[in-house]
Amino acid sequence: MDIEIIFAGEEHLKYAQDVVDAIERAAQDKKSGLAKRTLEYISSKIKDGKGVIALCGDKFAGFCYIESWEHNHFVANSGLIVLPEFRGAGLAKAIKKKAFELSVKKFPGAKIFGLTTSPAVMNINFSLGYKAVRYNQITSDLNFWKGCISCVHYHTLCDNGFESCFCTGMVCDPAEKTE
């Protein structure tokens, strides 16, 4: 399969509903911990140049987006999704690498972070230089945590005072990687 992984732009808005649907399907798996996203939200990421899309010809294969927090001191790589028929070939890692590249390009000096329950994503993150951290080492911006509302485990996050949940918090400081 010839898959192209590129920074998403307005020409990719036609795939926004596919991304939303894929995230919705994955979010239904209680183990995924993946929060649902609206069409408007995903469309805004694509329009603002904050998305990475994988295409096999003109077919959507995968996606990830970035969002900055605390005055661009932190950048989350979120919403990583690969359609089932494209899994097992390293596409998720390639998308994450491209999202990492986009994060560093758009927000130089920011720490890059994410939350995941997926052992595969944890392995990808470790290979990119991420470290597992406590939640107090990632953004304290409550607007970030509001993004977890549609996750099936949100009540656990609230019950734990936004200090822990089922997801593993992971951070990479690109400045440390280059030293």
# chains A, B, ... in the order shown; residues from 1 in each chain; ligands from 1

call {"tool": "residues_around", "arguments": {"residues": "segment 99-116 of chain A", "least_positions_apart": "2", "cutoff": "8 Å", "atoms": "only C-alpha atoms", "output": "number ranges by chain"}}
result
A: 7, 32-34, 50-52, 64-66, 68, 72-78, 95-97, 118, 121-122, 130, 138, 167-175

call {"tool": "write_last_selection", "arguments": {"atoms": "N, CA and C atoms", "output": "short mmCIF file (atom, residue, chain, number, x, y, z; two decimals), in the first residue's frame"}}
result
data_model
loop_
_atom_site.label_atom_id
_atom_site.label_comp_id
_atom_site.auth_asym_id
_atom_site.auth_seq_id
_atom_site.Cartn_x
_atom_site.Cartn_y
_atom_site.Cartn_z
N PHE A 7 0.76 17.01 6.36
CA PHE A 7 0.09 18.01 7.18
C PHE A 7 -1.25 18.29 6.51
N SER A 32 -10.59 1.97 25.22
CA SER A 32 -9.80 2.91 24.42
C SER A 32 -9.51 4.21 25.15
N GLY A 33 -10.44 4.69 25.95
CA GLY A 33 -10.23 5.97 26.62
C GLY A 33 -10.18 7.14 25.65
N LEU A 34 -10.58 6.91 24.42
CA LEU A 34 -10.54 7.95 23.40
C LEU A 34 -11.78 8.82 23.51
N LYS A 50 -3.38 22.16 11.96
CA LYS A 50 -2.99 21.46 13.18
C LYS A 50 -3.34 19.98 13.12
N GLY A 51 -3.36 19.44 11.91
CA GLY A 51 -3.69 18.03 11.76
C GLY A 51 -2.70 17.34 10.84
N VAL A 52 -2.61 16.04 11.02
CA VAL A 52 -1.81 15.17 10.15
C VAL A 52 -2.76 14.11 9.64
N CYS A 64 -4.26 12.47 13.17
CA CYS A 64 -3.87 12.92 14.50
C CYS A 64 -3.89 14.45 14.44
N TYR A 65 -4.17 15.09 15.57
CA TYR A 65 -4.15 16.55 15.59
C TYR A 65 -3.35 17.04 16.79
N ILE A 66 -3.02 18.33 16.75
CA ILE A 66 -2.27 18.94 17.84
C ILE A 66 -3.06 20.13 18.40
N SER A 68 -2.31 23.45 21.39
CA SER A 68 -1.38 24.05 22.35
C SER A 68 -2.13 24.51 23.60
N ASN A 72 1.27 28.16 24.80
CA ASN A 72 2.17 27.40 23.91
C ASN A 72 3.34 26.74 24.63
N HIS A 73 3.25 26.55 25.94
CA HIS A 73 4.30 25.83 26.66
C HIS A 73 4.13 24.32 26.54
N PHE A 74 2.91 23.89 26.27
CA PHE A 74 2.60 22.47 26.10
C PHE A 74 1.83 22.28 24.81
N VAL A 75 2.11 21.19 24.13
CA VAL A 75 1.37 20.83 22.91
C VAL A 75 0.94 19.37 23.06
N ALA A 76 -0.36 19.16 22.93
CA ALA A 76 -0.89 17.80 22.98
C ALA A 76 -0.98 17.23 21.57
N ASN A 77 -0.54 16.00 21.43
CA ASN A 77 -0.78 15.23 20.20
C ASN A 77 -1.93 14.31 20.54
N SER A 78 -3.07 14.50 19.91
CA SER A 78 -4.29 13.82 20.31
C SER A 78 -5.04 13.23 19.13
N ILE A 95 2.36 8.39 11.64
CA ILE A 95 1.49 9.55 11.87
C ILE A 95 1.96 10.30 13.11
N LYS A 96 2.28 9.59 14.18
CA LYS A 96 2.77 10.24 15.41
C LYS A 96 4.07 10.99 15.15
N LYS A 97 4.97 10.41 14.36
CA LYS A 97 6.22 11.10 14.03
C LYS A 97 5.93 12.41 13.28
N SER A 118 -3.53 2.96 25.38
CA SER A 118 -3.09 1.97 24.40
C SER A 118 -1.62 1.58 24.59
N VAL A 121 0.36 2.66 21.52
CA VAL A 121 0.68 4.09 21.48
C VAL A 121 1.77 4.41 22.50
N MET A 122 1.72 3.78 23.67
CA MET A 122 2.79 3.99 24.65
C MET A 122 4.14 3.60 24.08
N TYR A 130 9.28 10.08 24.48
CA TYR A 130 8.36 10.44 25.56
C TYR A 130 8.71 9.64 26.82
N ILE A 138 1.91 17.53 33.27
CA ILE A 138 1.39 17.99 31.98
C ILE A 138 0.52 19.20 32.25
N CYS A 167 -5.76 6.60 31.72
CA CYS A 167 -4.74 6.96 30.74
C CYS A 167 -3.38 7.15 31.41
N THR A 168 -2.35 6.90 30.65
CA THR A 168 -0.99 7.22 31.07
C THR A 168 -0.62 8.56 30.45
N GLY A 169 -0.16 9.48 31.28
CA GLY A 169 0.33 10.76 30.79
C GLY A 169 1.77 10.58 30.30
N MET A 170 2.06 11.14 29.14
CA MET A 170 3.40 11.00 28.56
C MET A 170 3.86 12.36 28.03
N VAL A 171 5.14 12.66 28.28
CA VAL A 171 5.70 13.95 27.88
C VAL A 171 7.03 13.75 27.17
N CYS A 172 7.26 14.59 26.17
CA CYS A 172 8.57 14.65 25.53
C CYS A 172 8.98 16.11 25.44
N ASP A 173 10.17 16.39 25.88
CA ASP A 173 10.72 17.73 25.76
C ASP A 173 11.75 17.70 24.63
N PRO A 174 11.39 18.23 23.45
CA PRO A 174 12.32 18.19 22.32
C PRO A 174 13.68 18.82 22.63
N ALA A 175 13.72 19.78 23.54
CA ALA A 175 15.00 20.40 23.90
C ALA A 175 15.92 19.38 24.56
#

call {"tool": "residues_around", "arguments": {"residues": "Ile149 of chain A", "least_positions_apart": "5", "cutoff": "12 Å", "atoms": "only C-alpha atoms", "output": "JSON, numbers by chain"}}
result
{"A": [27, 33, 34, 35, 36, 37, 142, 143, 144, 154, 155, 156, 157, 158, 162]}

call {"tool": "closest_residue", "arguments": {"among": "A:Arg134, A:Lys14, A:His153, A:Lys146", "to": "Ile53 of chain A", "atoms": "only C-alpha atoms"}}
result
A:Lys14

call {"tool": "select_by_dssp", "arguments": {"residues": "segment 8-178 of chain A", "states": "alpha helix (DSSP H)", "output": "ChimeraX atom specification"}}
result
/A:16-27,39-47,91-106,119-127,142-146,154-159,174-178

call {"tool": "residues_around", "arguments": {"residues": "Lys93 of chain A", "least_positions_apart": "6", "cutoff": "10 Å", "atoms": "only C-alpha atoms", "output": "list of chain:residue names"}}
result
A:Leu80, A:Ala99, A:Ala120, A:Val121, A:Asn123, A:Ile124, A:Asn125, A:Ser127, A:Leu128

call {"tool": "atom_distance", "arguments": {"atom1": "atom CA of Arg87 of chain A", "atom2": "atom CA of Ala54 of chain A"}}
result
12.0 Å

call {"tool": "select_by_dssp", "arguments": {"residues": "segment 70-154 of chain A", "states": "strand (DSSP E or B)", "output": "number ranges by chain"}}
result
A: 74-82, 111-116, 131-133

call {"tool": "closest_residue", "arguments": {"among": "A:Asn136, A:Ala61, A:Asp29, A:Leu83", "to": "Thr117 of chain A", "atoms": "only C-alpha atoms"}}
result
A:Asp29

call {"tool": "residues_around", "arguments": {"residues": "Lys47 of chain A", "least_positions_apart": "4", "cutoff": "7 Å", "atoms": "only C-alpha atoms", "output": "PyMOL selection string"}}
result
chain A and resi 9-10+43

call {"tool": "write_last_selection", "arguments": {"atoms": "C-alpha atoms", "output": "PDB file, in the first residue's frame"}}
result
ATOM      1  CA  GLY A   9      -4.993  21.590   5.048  1.00  0.00           C
ATOM      2  CA  GLU A  10      -8.311  22.951   3.827  1.00  0.00           C
ATOM      3  CA  SER A  43     -12.625  20.691  10.850  1.00  0.00           C
TER       4      SER A  43
END

call {"tool": "atom_distance", "arguments": {"atom1": "atom CA of Ala26 of chain A", "atom2": "atom CA of Glu67 of chain A"}}
result
20.3 Å

call {"tool": "closest_residue", "arguments": {"among": "A:Glu24, A:Glu163, A:Asp141, A:Asp58", "to": "Glu4 of chain A", "atoms": "only C-alpha atoms"}}
result
A:Asp58
